[in-house]
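Peer 1: If you scroll down you'll find the structure; I have some questions about it.
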Amino acid sequence: AEDGLSQNVIRTITQDSKGFIWIGKWNGLSRFDGYRFVSYLAGSPGDLGVRSNRIEKIEEDRDGYLWLISNAGDILRFDPKTDAFTNPADFFGPERPGFSVSRIKVMPSGNVWLISGDAGCIRLRNSSLAYEIYDRENQRLKGNVISYIREDDQQNTWILTDNGLAMIRAGETVPVVFFGDNSHSMRQVFHAVLEWDDQIWFGSDHGRIWRYRKNSGHFSLLQLPGLSSVTHLIHGEDRQAIIGTSGDGLLLYDLRAEQMEHFNTRNSQLVHDE
């Protein structure tokens with residue numbers, strides 16, 4: 001291409017901590033420094049043990065490595081200092097062959113989480129690529145569909161699944177599971193998380209928000225007026241929580257007054273309640 005790109009179909013763009021622009025394309029990865037393009041991974045994908053070199057997502061970790069996801073769910077780690085690629089599946093692949101990555105979650109601690117669509121998740125520790133697998137097969141999780149992973153301000157890790165919550169304490173590997181149930185009718189699906197100074201909120205189905213108190217380790221229920229899923233939890237102004245639902249509109253919750261204001265298509269200018 002005239003602009004120096006090796007391919008014109010762009011799938012993702014990100015800027016790293018040093019200011020370089022990284023571009024995921026149909027035939028690999030390109031770096032732009034403001035003057036010129038340098039392309040990587042434009043050869044045969046089989047050379048790196050991956051099925052595709054179409055890069056769909058790029059994430060930078062704490063140590064400056066770039067993590068790449070292909071359109072086939074392959075994962076690669078790229079070192080910009082040495083221009084070298086590493087395939088993490090060379091490490092965990094024998095235990096979970098065919099593990100397909102749909103999302104990457106980079107944590108402040110340096111840990112990197114590989115999340116599949118329906119086969120659990122894998123934690124890679126810092127830059128060593130030492131790994132731990134979390135799924136139903138090894139009984140570390142009750143559900144294999146992961147909606148979100150969060151590292152709280154104490155570096156405990158929370159995994160939100162389609163059957164309960166898992167909490168891995170800082171420095172540990174075996175999780176504690178909350179609300180996981182073997183009965184399908186009793187399952188609680190978790191969708192969203194919001195952390196305050198002294199508590200963490202988890203949005204679930206049936207209008208439920210479970211509030212975890214950090215000092216006691218106990219949960220309490222905040223029941224919303226409707227029975228829709230709580231799909232979004234966002235910090236508002238002045239100790240307010242903005243709560244989005246799958247069918248009951250929007251709510252504002254004032255933590256100081258413990259009062260709730262409800263907005264939907266019947267009492268506001270919302271076009272849809274979803």
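Letters A, B, ... go to the chains of the structure tokens in the order shown; residues in each chain start at 1; ligands are counted from 1 in the same order.
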Using only C-alpha atoms, determine which residues lie at most 12 Å from Asp90 (chain A), disregarding the query and same-chain residues fewer than 6 positions distant; provide the list as number ranges by chain.
Peer 2: A: 48-50, 74-77, 96-99, 129-131
Peer 1: Next, the residues of the selection above should be written as a short mmCIF file (atom, residue, chain, number, x, y, z; two decimals), in the first residue's frame with N, CA, C and O atoms.
Peer 2:
data_model
loop_
_atom_site.label_atom_id
_atom_site.label_comp_id
_atom_site.auth_asym_id
_atom_site.auth_seq_id
_atom_site.Cartn_x
_atom_site.Cartn_y
_atom_site.Cartn_z
N LEU A 48 4.39 -20.10 13.64
CA LEU A 48 4.33 -19.79 15.07
C LEU A 48 3.37 -20.71 15.82
O LEU A 48 3.07 -20.48 16.99
N GLY A 49 2.87 -21.72 15.12
CA GLY A 49 1.96 -22.64 15.75
C GLY A 49 0.56 -22.09 15.94
O GLY A 49 -0.19 -22.56 16.80
N VAL A 50 0.18 -21.08 15.15
CA VAL A 50 -1.16 -20.52 15.22
C VAL A 50 -1.90 -20.78 13.92
O VAL A 50 -1.30 -21.06 12.89
N ASP A 74 -6.34 -17.66 18.44
CA ASP A 74 -4.95 -17.91 18.83
C ASP A 74 -4.45 -16.74 19.67
O ASP A 74 -4.93 -15.62 19.55
N ILE A 75 -3.44 -17.03 20.51
CA ILE A 75 -2.85 -15.99 21.34
C ILE A 75 -1.34 -15.96 21.10
O ILE A 75 -0.69 -17.00 21.02
N LEU A 76 -0.79 -14.76 20.95
CA LEU A 76 0.65 -14.58 20.81
C LEU A 76 1.09 -13.45 21.72
O LEU A 76 0.35 -12.47 21.92
N ARG A 77 2.31 -13.57 22.25
CA ARG A 77 2.92 -12.48 22.99
C ARG A 77 4.10 -11.96 22.17
O ARG A 77 4.96 -12.74 21.73
N ARG A 96 -4.80 -28.13 27.81
CA ARG A 96 -6.05 -27.65 27.22
C ARG A 96 -5.85 -27.44 25.71
O ARG A 96 -5.82 -26.31 25.22
N PRO A 97 -5.71 -28.52 24.96
CA PRO A 97 -5.52 -28.38 23.51
C PRO A 97 -6.73 -27.71 22.86
O PRO A 97 -7.87 -28.00 23.22
N GLY A 98 -6.47 -26.81 21.94
CA GLY A 98 -7.55 -26.13 21.24
C GLY A 98 -8.20 -25.00 22.01
O GLY A 98 -9.22 -24.47 21.57
N PHE A 99 -7.62 -24.61 23.15
CA PHE A 99 -8.19 -23.50 23.92
C PHE A 99 -8.21 -22.25 23.05
O PHE A 99 -7.18 -21.80 22.56
N LEU A 129 5.19 -16.66 32.08
CA LEU A 129 4.27 -17.56 31.39
C LEU A 129 3.94 -18.81 32.21
O LEU A 129 3.39 -19.76 31.67
N ALA A 130 4.26 -18.81 33.51
CA ALA A 130 3.71 -19.83 34.40
C ALA A 130 2.19 -19.64 34.42
O ALA A 130 1.70 -18.51 34.43
N TYR A 131 1.44 -20.71 34.41
CA TYR A 131 -0.01 -20.59 34.20
C TYR A 131 -0.80 -21.39 35.22
O TYR A 131 -0.31 -22.35 35.82
#
Peer 1: Using only C-alpha atoms, which protein or nucleic acid residues come within 8 Å of Asp198 (chain A)? Drop anything in the same chain fewer than 5 positions from it, and give the result as an MDAnalysis selection string.
Peer 2: chainID A and resid 213:215
Peer 1: For region 135-146 of chain A, find every residue with an atom within 12 Å (counting only C-alpha atoms), except residues of its own chain fewer than 4 positions away, and show them as a PyMOL selection string.
Peer 2: chain A and resi 95-96+99+101-105+113-123+150+158-168+173-184+187-192
Peer 1: Let me make sure I understand: among A:Tyr253, A:Phe202, A:Phe219, A:Tyr40, which one has the smallest atom-to-atom distance to Glu237 (chain A) if we use only C-alpha atoms?
Peer 2: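 Of A:Tyr253, A:Phe202, A:Phe219, A:Tyr40, the one nearest Glu237 (chain A) is A:Tyr253, counting only C-alpha atoms.
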Peer 1: Can you pull out the residues contacting Trp196 (chain A)? Cut-off 9 Å, using only C-alpha atoms, and skip same-chain residues under 4 positions away; I want them as a list in words.
Peer 2: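 Within the cut-off, the hits are Ile200, Trp201, His235 and Arg239 of chain A.
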Peer 1: Near Thr14 (chain A), within 9 Å and counting only C-alpha atoms, which residues show up once chain neighbours fewer than 6 positions away are dropped, as a ChimeraX atom specification?
Peer 2: /A:20-24,57-60
